[in-house]
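The structure file structure.pdb is reproduced below (PDB, C-alpha atoms).
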```pdb
ATOM      1  CA  MET A   1      14.354  25.766  -2.655
ATOM      2  CA  THR A   2      13.158  23.944   0.466
ATOM      3  CA  LEU A   3       9.467  23.466   1.060
ATOM      4  CA  PRO A   4       8.072  24.087   4.536
ATOM      5  CA  PHE A   5       7.472  20.946   6.542
ATOM      6  CA  TRP A   6       3.679  20.977   6.224
ATOM      7  CA  ALA A   7       3.833  21.152   2.421
ATOM      8  CA  SER A   8       6.529  18.478   2.255
ATOM      9  CA  ASP A   9       4.516  16.208   4.511
ATOM     10  CA  VAL A  10       1.339  16.659   2.456
ATOM     11  CA  CYS A  11       3.229  15.654  -0.694
ATOM     12  CA  LEU A  12       4.634  12.505   0.909
ATOM     13  CA  VAL A  13       1.237  11.563   2.338
ATOM     14  CA  ALA A  14      -0.320  12.030  -1.109
ATOM     15  CA  ALA A  15       2.358   9.757  -2.595
ATOM     16  CA  GLN A  16       1.597   7.163   0.064
ATOM     17  CA  ALA A  17      -2.089   7.320  -0.854
ATOM     18  CA  ALA A  18      -1.131   6.907  -4.522
ATOM     19  CA  ALA A  19       0.554   3.635  -3.583
ATOM     20  CA  VAL A  20      -2.884   2.470  -2.422
ATOM     21  CA  ALA A  21      -4.623   3.566  -5.628
ATOM     22  CA  LEU A  22      -2.173   2.187  -8.201
ATOM     23  CA  PRO A  23      -1.879  -1.610  -7.759
ATOM     24  CA  ALA A  24      -3.703  -3.735 -10.326
ATOM     25  CA  ARG A  25      -5.213  -7.196  -9.996
ATOM     26  CA  ARG A  26      -2.482  -9.379 -11.465
ATOM     27  CA  ARG A  27      -1.407 -12.994 -11.149
ATOM     28  CA  ILE A  28       1.640 -15.025 -12.084
ATOM     29  CA  PRO A  29       0.489 -18.688 -12.117
ATOM     30  CA  VAL A  30       3.856 -20.078 -11.031
ATOM     31  CA  LEU A  31       3.672 -18.102  -7.771
ATOM     32  CA  ASP A  32       0.600 -20.062  -6.684
ATOM     33  CA  ARG A  33       2.956 -22.862  -5.632
ATOM     34  CA  LEU A  34       4.542 -20.537  -3.072
ATOM     35  CA  GLN A  35       1.354 -19.649  -1.217
ATOM     36  CA  SER A  36       1.730 -19.770   2.554
ATOM     37  CA  ARG A  37       0.504 -17.989   5.655
ATOM     38  CA  TRP A  38       4.108 -17.271   6.573
ATOM     39  CA  TRP A  39       4.266 -14.583   3.885
ATOM     40  CA  SER A  40       1.848 -12.526   5.987
ATOM     41  CA  LEU A  41       4.739 -11.913   8.396
ATOM     42  CA  VAL A  42       6.637  -9.932   5.751
ATOM     43  CA  PRO A  43       5.087  -6.535   6.704
ATOM     44  CA  LEU A  44       5.965  -7.098  10.368
ATOM     45  CA  ALA A  45       9.476  -8.276   9.521
ATOM     46  CA  ALA A  46       9.935  -5.283   7.217
ATOM     47  CA  ILE A  47      10.008  -2.985  10.215
ATOM     48  CA  VAL A  48      10.878  -5.021  13.306
ATOM     49  CA  GLY A  49      13.527  -7.142  11.605
ATOM     50  CA  VAL A  50      15.176  -4.184   9.881
ATOM     51  CA  ILE A  51      15.277  -2.053  13.034
ATOM     52  CA  PHE A  52      16.855  -4.739  15.188
ATOM     53  CA  LEU A  53      19.280  -5.765  12.449
ATOM     54  CA  ILE A  54      20.497  -2.176  12.204
ATOM     55  CA  ARG A  55      20.789  -1.897  15.983
ATOM     56  CA  GLY A  56      22.735  -5.157  16.139
ATOM     57  CA  ALA A  57      24.985  -4.744  13.110
ATOM     58  CA  GLY A  58      26.133  -1.360  11.896
ATOM     59  CA  ASN A  59      26.869  -2.586   8.359
ATOM     60  CA  THR A  60      23.233  -3.576   7.842
ATOM     61  CA  ALA A  61      22.257  -0.026   6.889
ATOM     62  CA  ASN A  62      24.893   0.090   4.146
ATOM     63  CA  GLY A  63      23.744  -3.271   2.832
ATOM     64  CA  LEU A  64      20.122  -2.110   2.736
ATOM     65  CA  THR A  65      21.183   1.023   0.876
ATOM     66  CA  TYR A  66      22.735  -1.014  -1.932
ATOM     67  CA  LEU A  67      19.885  -3.510  -1.886
ATOM     68  CA  ALA A  68      17.442  -0.646  -2.474
ATOM     69  CA  LEU A  69      19.708   0.858  -5.133
ATOM     70  CA  PHE A  70      19.680  -2.333  -7.214
ATOM     71  CA  ALA A  71      16.125  -3.503  -6.456
ATOM     72  CA  VAL A  72      13.966  -0.368  -6.540
ATOM     73  CA  PRO A  73      14.470   0.701 -10.198
ATOM     74  CA  PRO A  74      13.655  -2.745 -11.687
ATOM     75  CA  LEU A  75      10.647  -3.093  -9.392
ATOM     76  CA  ALA A  76       9.467   0.372 -10.448
ATOM     77  CA  ALA A  77       9.891  -0.594 -14.106
ATOM     78  CA  LEU A  78       7.853  -3.747 -13.483
ATOM     79  CA  ALA A  79       5.073  -1.651 -11.970
ATOM     80  CA  LEU A  80       4.986   0.601 -15.023
ATOM     81  CA  ALA A  81       4.980  -2.385 -17.367
ATOM     82  CA  TRP A  82       2.670  -4.784 -15.500
ATOM     83  CA  ALA A  83       1.791  -4.335 -11.833
ATOM     84  CA  MET A  84      -0.048  -1.006 -11.769
ATOM     85  CA  ARG A  85      -3.363   0.002 -13.265
ATOM     86  CA  ARG A  86      -3.154   1.114 -16.917
ATOM     87  CA  SER A  87       0.360  -0.281 -17.114
ATOM     88  CA  ARG A  88       1.983  -0.828 -20.507
ATOM     89  CA  PRO A  89       5.288  -2.594 -21.289
ATOM     90  CA  PRO A  90       6.783   0.488 -23.020
ATOM     91  CA  LEU A  91       6.181   2.522 -19.847
ATOM     92  CA  ALA A  92       8.915   0.509 -18.124
ATOM     93  CA  LEU A  93      11.433   2.743 -19.899
ATOM     94  CA  LEU A  94      10.260   5.672 -17.745
ATOM     95  CA  ALA A  95      12.165   4.167 -14.824
ATOM     96  CA  LEU A  96      15.433   5.163 -16.507
ATOM     97  CA  PRO A  97      14.832   8.937 -16.668
ATOM     98  CA  LEU A  98      13.333   8.841 -13.174
ATOM     99  CA  PHE A  99      16.504   7.251 -11.821
ATOM    100  CA  ALA A 100      18.700   9.634 -13.825
ATOM    101  CA  LEU A 101      16.804  12.634 -12.471
ATOM    102  CA  ALA A 102      16.948  11.315  -8.900
ATOM    103  CA  TRP A 103      20.730  10.951  -9.327
ATOM    104  CA  ALA A 104      21.413  14.216 -11.115
ATOM    105  CA  ASP A 105      19.258  16.403  -8.871
ATOM    106  CA  ARG A 106      19.691  14.686  -5.518
ATOM    107  CA  HIS A 107      19.168  17.881  -3.540
ATOM    108  CA  GLY A 108      16.445  19.468  -5.683
ATOM    109  CA  LEU A 109      12.697  19.024  -5.534
ATOM    110  CA  SER A 110      12.522  17.495  -9.003
ATOM    111  CA  GLY A 111      15.115  14.858  -8.110
ATOM    112  CA  GLU A 112      13.414  14.144  -4.799
ATOM    113  CA  ALA A 113      10.056  13.803  -6.570
ATOM    114  CA  ALA A 114      11.594  11.312  -9.013
ATOM    115  CA  LEU A 115      13.002   9.328  -6.108
ATOM    116  CA  VAL A 116       9.611   9.223  -4.371
ATOM    117  CA  ALA A 117       8.005   8.064  -7.630
ATOM    118  CA  LEU A 118      10.500   5.201  -7.914
ATOM    119  CA  LEU A 119       9.867   4.169  -4.319
ATOM    120  CA  LEU A 120       6.087   4.115  -4.526
ATOM    121  CA  LEU A 121       6.126   2.282  -7.870
ATOM    122  CA  SER A 122       8.460  -0.388  -6.489
ATOM    123  CA  CYS A 123       6.128  -0.846  -3.525
ATOM    124  CA  VAL A 124       3.193  -1.290  -5.899
ATOM    125  CA  THR A 125       5.020  -4.243  -7.470
ATOM    126  CA  LEU A 126       5.938  -5.733  -4.099
ATOM    127  CA  GLY A 127       2.356  -5.418  -2.918
ATOM    128  CA  VAL A 128       0.964  -7.150  -6.004
ATOM    129  CA  LEU A 129       3.478  -9.986  -5.685
ATOM    130  CA  LEU A 130       2.899 -10.443  -1.952
ATOM    131  CA  VAL A 131      -0.872 -10.641  -2.384
ATOM    132  CA  GLN A 132      -0.385 -13.613  -4.713
ATOM    133  CA  VAL A 133       1.469 -15.723  -2.166
ATOM    134  CA  ALA A 134      -0.195 -14.752   1.131
ATOM    135  CA  PRO A 135      -3.835 -15.348   2.155
ATOM    136  CA  LEU A 136      -5.568 -11.969   2.165
ATOM    137  CA  ASN A 137      -7.062 -12.230   5.651
ATOM    138  CA  TRP A 138      -3.707 -13.184   7.128
ATOM    139  CA  LEU A 139      -2.028 -10.382   5.207
ATOM    140  CA  LYS A 140      -4.502  -7.900   6.661
ATOM    141  CA  LEU A 141      -3.517  -9.076  10.127
ATOM    142  CA  GLY A 142       0.107  -8.613   9.107
ATOM    143  CA  ILE A 143      -0.543  -4.967   8.213
ATOM    144  CA  VAL A 144      -2.215  -4.317  11.567
ATOM    145  CA  ALA A 145       0.637  -6.085  13.381
ATOM    146  CA  MET A 146       3.175  -3.970  11.480
ATOM    147  CA  SER A 147       1.376  -0.792  12.517
ATOM    148  CA  ILE A 148       1.223  -1.848  16.161
ATOM    149  CA  ALA A 149       4.920  -2.742  16.168
ATOM    150  CA  ASP A 150       5.757   0.572  14.486
ATOM    151  CA  THR A 151       3.851   2.455  17.165
ATOM    152  CA  VAL A 152       5.482   0.533  20.000
ATOM    153  CA  LEU A 153       8.948   1.163  18.566
ATOM    154  CA  VAL A 154       8.247   4.886  18.282
ATOM    155  CA  ILE A 155       6.879   5.139  21.828
ATOM    156  CA  ALA A 156       9.806   3.118  23.201
ATOM    157  CA  GLN A 157      12.202   5.410  21.293
ATOM    158  CA  LEU A 158      13.783   2.434  19.549
ATOM    159  CA  LEU A 159      12.875   3.495  16.014
ATOM    160  CA  GLN A 160      14.562   6.877  15.727
ATOM    161  CA  PRO A 161      18.201   5.822  16.340
ATOM    162  CA  ALA A 162      17.999   3.017  13.770
ATOM    163  CA  ASN A 163      16.146   5.301  11.357
ATOM    164  CA  ASP A 164      18.871   7.920  11.663
ATOM    165  CA  VAL A 165      21.519   5.345  10.762
ATOM    166  CA  LEU A 166      19.509   4.041   7.814
ATOM    167  CA  ASN A 167      18.663   7.502   6.502
ATOM    168  CA  ALA A 168      22.298   8.597   6.711
ATOM    169  CA  ALA A 169      23.609   5.575   4.805
ATOM    170  CA  ALA A 170      24.422   6.414   1.197
ATOM    171  CA  PRO A 171      25.927   4.503  -1.726
ATOM    172  CA  GLY A 172      29.093   5.696  -3.394
ATOM    173  CA  LEU A 173      29.450   7.952  -6.443
ATOM    174  CA  GLY A 174      26.685  10.201  -5.178
ATOM    175  CA  LEU A 175      24.018   7.668  -6.186
ATOM    176  CA  PRO A 176      20.510   8.267  -4.826
ATOM    177  CA  GLN A 177      19.443   6.886  -1.455
ATOM    178  CA  LEU A 178      16.500   4.709  -2.421
ATOM    179  CA  GLN A 179      15.965   3.239   1.042
ATOM    180  CA  ARG A 180      13.899   6.246   2.176
ATOM    181  CA  ALA A 181      11.749   8.996   0.704
ATOM    182  CA  LEU A 182      12.983  12.518   1.284
ATOM    183  CA  PHE A 183      10.962  15.386  -0.127
ATOM    184  CA  GLY A 184      11.551  18.955   0.930
ATOM    185  CA  SER A 185      11.897  18.954   4.703
ATOM    186  CA  ALA A 186       9.951  15.742   5.406
ATOM    187  CA  ILE A 187      11.066  12.131   5.289
ATOM    188  CA  MET A 188       9.173   8.846   5.160
ATOM    189  CA  GLY A 189      10.532   5.329   5.421
ATOM    190  CA  TYR A 190      10.366   2.717   2.681
ATOM    191  CA  GLY A 191       8.179   0.536   4.885
ATOM    192  CA  ASP A 192       5.529   3.262   5.007
ATOM    193  CA  PHE A 193       5.138   3.056   1.232
ATOM    194  CA  PHE A 194       5.406  -0.722   1.271
ATOM    195  CA  VAL A 195       2.450  -1.142   3.620
ATOM    196  CA  ALA A 196       0.390   1.210   1.428
ATOM    197  CA  GLY A 197       1.253  -0.823  -1.666
ATOM    198  CA  VAL A 198       0.202  -4.041   0.081
ATOM    199  CA  PHE A 199      -3.087  -2.476   1.191
ATOM    200  CA  GLY A 200      -3.808  -1.281  -2.329
ATOM    201  CA  ALA A 201      -3.003  -4.706  -3.764
ATOM    202  CA  ILE A 202      -5.419  -6.307  -1.286
ATOM    203  CA  VAL A 203      -8.214  -3.953  -2.344
ATOM    204  CA  ALA A 204      -7.429  -4.679  -6.000
ATOM    205  CA  ALA A 205      -7.452  -8.446  -5.403
ATOM    206  CA  GLU A 206     -10.887  -8.120  -3.771
ATOM    207  CA  ARG A 207     -12.110  -5.965  -6.661
ATOM    208  CA  GLY A 208     -12.732  -3.145  -4.216
ATOM    209  CA  ARG A 209     -12.857   0.599  -4.735
ATOM    210  CA  GLN A 210      -9.215   1.604  -4.672
ATOM    211  CA  GLY A 211      -9.957   5.276  -5.174
ATOM    212  CA  ALA A 212     -12.114   5.315  -2.051
ATOM    213  CA  ALA A 213      -9.454   3.393  -0.095
ATOM    214  CA  ALA A 214      -6.762   5.839  -1.232
ATOM    215  CA  ARG A 215      -8.865   8.866  -0.295
ATOM    216  CA  LEU A 216      -9.592   7.377   3.121
ATOM    217  CA  THR A 217      -5.892   6.719   3.652
ATOM    218  CA  LEU A 218      -5.055  10.288   2.641
ATOM    219  CA  LEU A 219      -7.662  11.786   4.970
ATOM    220  CA  LEU A 220      -6.586   9.670   7.941
ATOM    221  CA  ALA A 221      -2.919  10.445   7.294
ATOM    222  CA  LEU A 222      -3.537  14.185   7.138
ATOM    223  CA  LEU A 223      -5.514  14.076  10.381
ATOM    224  CA  PHE A 224      -2.947  11.836  12.052
ATOM    225  CA  ASP A 225      -0.088  14.106  11.020
ATOM    226  CA  LEU A 226      -1.623  16.978  12.963
ATOM    227  CA  LEU A 227       0.182  15.330  15.873
ATOM    228  CA  PHE A 228       3.380  16.772  14.401
ATOM    229  CA  PHE A 229       2.439  19.959  16.230
ATOM    230  CA  PHE A 230       3.359  18.071  19.411
ATOM    231  CA  VAL A 231       5.920  15.420  18.389
ATOM    232  CA  ASP A 232       8.731  15.085  15.850
ATOM    233  CA  LEU A 233       8.241  11.447  14.838
ATOM    234  CA  LEU A 234       5.086   9.525  13.935
ATOM    235  CA  PRO A 235       4.505   5.942  12.742
ATOM    236  CA  ALA A 236       3.230   6.517   9.202
ATOM    237  CA  THR A 237       1.921   2.951   8.985
ATOM    238  CA  VAL A 238      -0.923   3.774  11.384
ATOM    239  CA  PRO A 239      -3.211   5.635   8.903
ATOM    240  CA  VAL A 240      -2.914   2.760   6.430
ATOM    241  CA  ALA A 241      -3.842   0.195   9.078
ATOM    242  CA  LEU A 242      -6.745   2.374  10.245
ATOM    243  CA  ALA A 243      -8.000   2.690   6.673
ATOM    244  CA  LEU A 244      -7.872  -1.095   6.321
ATOM    245  CA  VAL A 245      -9.783  -1.631   9.578
ATOM    246  CA  LEU A 246     -12.447   0.951   8.692
ATOM    247  CA  ARG A 247     -12.864  -0.609   5.254
ATOM    248  CA  GLU A 248     -13.337  -4.048   6.790
ATOM    249  CA  ILE A 249     -15.940  -2.682   9.201
ATOM    250  CA  GLY A 250     -17.777  -1.027   6.316
ATOM    251  CA  ILE A 251     -17.759  -4.227   4.261
ATOM    252  CA  ARG A 252     -19.148  -6.280   7.130
ATOM    253  CA  ARG A 253     -21.866  -3.750   7.935
ATOM    254  CA  ALA A 254     -22.917  -3.622   4.293
ATOM    255  CA  ALA A 255     -23.094  -7.433   4.205
ATOM    256  CA  GLN A 256     -25.209  -7.489   7.362
ATOM    257  CA  THR A 257     -27.548  -4.863   5.911
ATOM    258  CA  ARG A 258     -28.030  -6.902   2.738
ATOM    259  CA  ARG A 259     -28.755 -10.049   4.738
ATOM    260  CA  GLY A 260     -31.244  -8.164   6.909
ATOM    261  CA  ARG A 261     -33.088  -6.817   3.880
ATOM    262  CA  SER A 262     -33.283 -10.260   2.289
ATOM    263  CA  ARG A 263     -34.782 -11.724   5.475
ATOM    264  CA  ARG A 264     -37.363  -8.933   5.778
ATOM    265  CA  ARG A 265     -38.465  -9.191   2.145
ATOM    266  CA  PRO A 266     -41.952 -10.869   2.087
ATOM    267  CA  ALA A 267     -42.606 -13.833  -0.182
ATOM    268  CA  LEU A 268     -44.978 -13.066  -3.060
ATOM    269  CA  ARG A 269     -47.978 -15.240  -3.812
ATOM    270  CA  ALA A 270     -48.357 -16.712  -7.258
ATOM    271  CA  GLY A 271     -50.316 -14.335  -9.414
ATOM    272  CA  SER A 272     -49.548 -11.269  -7.304
ATOM    273  CA  PRO A 273     -47.861  -8.283  -8.938
ATOM    274  CA  GLY A 274     -44.139  -8.858  -9.201
ATOM    275  CA  ALA A 275     -44.357 -12.619  -8.656
ATOM    276  CA  ALA A 276     -42.826 -14.926 -11.192
ATOM    277  CA  THR A 277     -45.563 -17.452 -12.118
ATOM    278  CA  THR A 278     -45.769 -20.336 -14.509
ATOM    279  CA  ILE A 279     -49.306 -21.187 -15.765
ATOM    280  CA  ARG A 280     -49.992 -24.503 -17.401
ATOM    281  CA  GLN A 281     -52.599 -24.206 -20.099
ATOM    282  CA  GLY A 282     -55.384 -26.790 -20.022
ATOM    283  CA  ARG A 283     -56.663 -28.594 -23.093
ATOM    284  CA  GLY A 284     -59.837 -26.616 -23.314
ATOM    285  CA  ALA A 285     -58.355 -23.256 -22.532
ATOM    286  CA  PRO A 286     -57.902 -20.888 -25.437
ATOM    287  CA  ALA A 287     -54.387 -20.008 -26.341
ATOM    288  CA  SER A 288     -53.421 -16.400 -25.748
TER     289      SER A 288
END
```
How does this structure look as structure tokens?
Amino acid sequence: MTLPFWASDVCLVAAQAAAVALPARRRIPVLDRLQSRWWSLVPLAAIVGVIFLIRGAGNTANGLTYLALFAVPPLAALALAWAMRRSRPPLALLALPLFALAWADRHGLSGEAALVALLLLSCVTLGVLLVQVAPLNWLKLGIVAMSIADTVLVIAQLLQPANDVLNAAAPGLGLPQLQRALFGSAIMGYGDFFVAGVFGAIVAAERGRQGAAARLTLLLALLFDLLFFFVDLLPATVPVALALVLREIGIRRAAQTRRGRSRRRPALRAGSPGAATTIRQGRGAPAS
């Protein structure tokens, strides 16, 4: 059974939004020593570097396929055990049946759903780890830069040829292709889930409302994907970057509103209703 494109796309977009909602606020103390602004370039390198490596060296796609094969399941297990909200160490074992299902039913919807689950969980872990080593404000700029680069590559028609090579690469023995998310008749790159996981980890680190951020990402992605009526390829990082920008605007406006209210609030005289007063009792005054 093959789902129509619109239904397949909605499912992938919902999974991308889930990658925003799932990251937890976690820290590994030893990683504090690795903090640097340079880590904020990882989102940009995840798309620009990969595309140009594939265009320059044909074997890169095969190497990335095996890298994803060996890295994604452990990262997904780590998300289930530690990195995601409501994680529990025993849940890490769920990564095994997910991988087995993705392998056994590579061309069925259940196997494709298991593969998507592994991908988004691995990106949750990567997002949580990246937030620990990169300054948040710089990492936000990295997400926006990744989205801009993604858009430029799509417009310049540089993304599709490299994507085709990467999506076609497959490990031996019929093992699942964990370098991209295929569900039904729609496909989404690993980087599209990665940027969502990083965004969600940022919101978690700031103790923000991840549910609201995920819903905003979902809404923007659904609206953005209406462009599929006119084109065949869209940069799926754009809705995530837009959600981040809109969230930042909302936070700053709320802060300005609070500051404005505090400035307009009149000072209360001592003894007036609502004023906090301290009265010293004289010697001759009766005690109350």
Please identify all polymer residues within 12 Å of Leu120 in chain A, counting all atoms listed in the file, omitting same-chain residues fewer than 2 positions from it, and present them as a PDB file with C-alpha atoms, in the frame of the given file.
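What follows is the written file result-v5.pdb:
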```pdb
ATOM      1  CA  LEU A  12       4.634  12.505   0.909  1.00  0.00           C
ATOM      2  CA  VAL A  13       1.237  11.563   2.338  1.00  0.00           C
ATOM      3  CA  ALA A  14      -0.320  12.030  -1.109  1.00  0.00           C
ATOM      4  CA  ALA A  15       2.358   9.757  -2.595  1.00  0.00           C
ATOM      5  CA  GLN A  16       1.597   7.163   0.064  1.00  0.00           C
ATOM      6  CA  ALA A  17      -2.089   7.320  -0.854  1.00  0.00           C
ATOM      7  CA  ALA A  18      -1.131   6.907  -4.522  1.00  0.00           C
ATOM      8  CA  ALA A  19       0.554   3.635  -3.583  1.00  0.00           C
ATOM      9  CA  VAL A  20      -2.884   2.470  -2.422  1.00  0.00           C
ATOM     10  CA  ALA A  21      -4.623   3.566  -5.628  1.00  0.00           C
ATOM     11  CA  LEU A  22      -2.173   2.187  -8.201  1.00  0.00           C
ATOM     12  CA  PRO A  23      -1.879  -1.610  -7.759  1.00  0.00           C
ATOM     13  CA  VAL A  72      13.966  -0.368  -6.540  1.00  0.00           C
ATOM     14  CA  PRO A  73      14.470   0.701 -10.198  1.00  0.00           C
ATOM     15  CA  LEU A  75      10.647  -3.093  -9.392  1.00  0.00           C
ATOM     16  CA  ALA A  76       9.467   0.372 -10.448  1.00  0.00           C
ATOM     17  CA  ALA A  77       9.891  -0.594 -14.106  1.00  0.00           C
ATOM     18  CA  ALA A  79       5.073  -1.651 -11.970  1.00  0.00           C
ATOM     19  CA  LEU A  80       4.986   0.601 -15.023  1.00  0.00           C
ATOM     20  CA  ALA A  83       1.791  -4.335 -11.833  1.00  0.00           C
ATOM     21  CA  MET A  84      -0.048  -1.006 -11.769  1.00  0.00           C
ATOM     22  CA  ALA A  95      12.165   4.167 -14.824  1.00  0.00           C
ATOM     23  CA  ALA A 113      10.056  13.803  -6.570  1.00  0.00           C
ATOM     24  CA  ALA A 114      11.594  11.312  -9.013  1.00  0.00           C
ATOM     25  CA  LEU A 115      13.002   9.328  -6.108  1.00  0.00           C
ATOM     26  CA  VAL A 116       9.611   9.223  -4.371  1.00  0.00           C
ATOM     27  CA  ALA A 117       8.005   8.064  -7.630  1.00  0.00           C
ATOM     28  CA  LEU A 118      10.500   5.201  -7.914  1.00  0.00           C
ATOM     29  CA  SER A 122       8.460  -0.388  -6.489  1.00  0.00           C
ATOM     30  CA  CYS A 123       6.128  -0.846  -3.525  1.00  0.00           C
ATOM     31  CA  VAL A 124       3.193  -1.290  -5.899  1.00  0.00           C
ATOM     32  CA  THR A 125       5.020  -4.243  -7.470  1.00  0.00           C
ATOM     33  CA  LEU A 126       5.938  -5.733  -4.099  1.00  0.00           C
ATOM     34  CA  GLY A 127       2.356  -5.418  -2.918  1.00  0.00           C
ATOM     35  CA  LEU A 178      16.500   4.709  -2.421  1.00  0.00           C
ATOM     36  CA  GLN A 179      15.965   3.239   1.042  1.00  0.00           C
ATOM     37  CA  ARG A 180      13.899   6.246   2.176  1.00  0.00           C
ATOM     38  CA  ALA A 181      11.749   8.996   0.704  1.00  0.00           C
ATOM     39  CA  MET A 188       9.173   8.846   5.160  1.00  0.00           C
ATOM     40  CA  GLY A 189      10.532   5.329   5.421  1.00  0.00           C
ATOM     41  CA  TYR A 190      10.366   2.717   2.681  1.00  0.00           C
ATOM     42  CA  GLY A 191       8.179   0.536   4.885  1.00  0.00           C
ATOM     43  CA  ASP A 192       5.529   3.262   5.007  1.00  0.00           C
ATOM     44  CA  PHE A 193       5.138   3.056   1.232  1.00  0.00           C
ATOM     45  CA  PHE A 194       5.406  -0.722   1.271  1.00  0.00           C
ATOM     46  CA  VAL A 195       2.450  -1.142   3.620  1.00  0.00           C
ATOM     47  CA  ALA A 196       0.390   1.210   1.428  1.00  0.00           C
ATOM     48  CA  GLY A 197       1.253  -0.823  -1.666  1.00  0.00           C
ATOM     49  CA  VAL A 198       0.202  -4.041   0.081  1.00  0.00           C
ATOM     50  CA  GLY A 200      -3.808  -1.281  -2.329  1.00  0.00           C
TER      51      GLY A 200
END
```
Residues near range 143-157 of chain A, anyone? I mean within 10 Å using all atoms listed in the file, not counting same-chain ones fewer than 2 positions away, as a PDB file with C-alpha atoms, in the frame of the given file.
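What landed in out28.pdb:
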```
ATOM      1  CA  SER A  40       1.848 -12.526   5.987  1.00  0.00           C
ATOM      2  CA  LEU A  41       4.739 -11.913   8.396  1.00  0.00           C
ATOM      3  CA  VAL A  42       6.637  -9.932   5.751  1.00  0.00           C
ATOM      4  CA  PRO A  43       5.087  -6.535   6.704  1.00  0.00           C
ATOM      5  CA  LEU A  44       5.965  -7.098  10.368  1.00  0.00           C
ATOM      6  CA  ALA A  45       9.476  -8.276   9.521  1.00  0.00           C
ATOM      7  CA  ALA A  46       9.935  -5.283   7.217  1.00  0.00           C
ATOM      8  CA  ILE A  47      10.008  -2.985  10.215  1.00  0.00           C
ATOM      9  CA  VAL A  48      10.878  -5.021  13.306  1.00  0.00           C
ATOM     10  CA  ILE A  51      15.277  -2.053  13.034  1.00  0.00           C
ATOM     11  CA  TRP A 138      -3.707 -13.184   7.128  1.00  0.00           C
ATOM     12  CA  LEU A 139      -2.028 -10.382   5.207  1.00  0.00           C
ATOM     13  CA  LYS A 140      -4.502  -7.900   6.661  1.00  0.00           C
ATOM     14  CA  LEU A 141      -3.517  -9.076  10.127  1.00  0.00           C
ATOM     15  CA  LEU A 159      12.875   3.495  16.014  1.00  0.00           C
ATOM     16  CA  GLN A 160      14.562   6.877  15.727  1.00  0.00           C
ATOM     17  CA  PRO A 161      18.201   5.822  16.340  1.00  0.00           C
ATOM     18  CA  ALA A 162      17.999   3.017  13.770  1.00  0.00           C
ATOM     19  CA  GLY A 191       8.179   0.536   4.885  1.00  0.00           C
ATOM     20  CA  ASP A 192       5.529   3.262   5.007  1.00  0.00           C
ATOM     21  CA  VAL A 195       2.450  -1.142   3.620  1.00  0.00           C
ATOM     22  CA  ALA A 196       0.390   1.210   1.428  1.00  0.00           C
ATOM     23  CA  VAL A 198       0.202  -4.041   0.081  1.00  0.00           C
ATOM     24  CA  PHE A 199      -3.087  -2.476   1.191  1.00  0.00           C
ATOM     25  CA  LEU A 233       8.241  11.447  14.838  1.00  0.00           C
ATOM     26  CA  LEU A 234       5.086   9.525  13.935  1.00  0.00           C
ATOM     27  CA  PRO A 235       4.505   5.942  12.742  1.00  0.00           C
ATOM     28  CA  ALA A 236       3.230   6.517   9.202  1.00  0.00           C
ATOM     29  CA  THR A 237       1.921   2.951   8.985  1.00  0.00           C
ATOM     30  CA  VAL A 238      -0.923   3.774  11.384  1.00  0.00           C
ATOM     31  CA  PRO A 239      -3.211   5.635   8.903  1.00  0.00           C
ATOM     32  CA  VAL A 240      -2.914   2.760   6.430  1.00  0.00           C
ATOM     33  CA  ALA A 241      -3.842   0.195   9.078  1.00  0.00           C
ATOM     34  CA  LEU A 242      -6.745   2.374  10.245  1.00  0.00           C
ATOM     35  CA  LEU A 244      -7.872  -1.095   6.321  1.00  0.00           C
ATOM     36  CA  VAL A 245      -9.783  -1.631   9.578  1.00  0.00           C
TER      37      VAL A 245
END
```
Could you please determine the separation between CA of Pro135 in chain A and CA of Arg37 in chain A in Å, to one decimal place?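 CA of Pro135 in chain A sits 6.2 Å away from CA of Arg37 in chain A.
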Could you jot down the CA of Phe99 in chain A to CA of Val128 in chain A separation for me, Å, one decimal place?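 We find that CA of Phe99 in chain A and CA of Val128 in chain A lie 22.0 Å from each other.
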Shell around Thr60 in chain A at 10 Å using only C-alpha atoms, local window under 6 positions removed, as a ChimeraX atom specification: /A:50-54,165-166,169
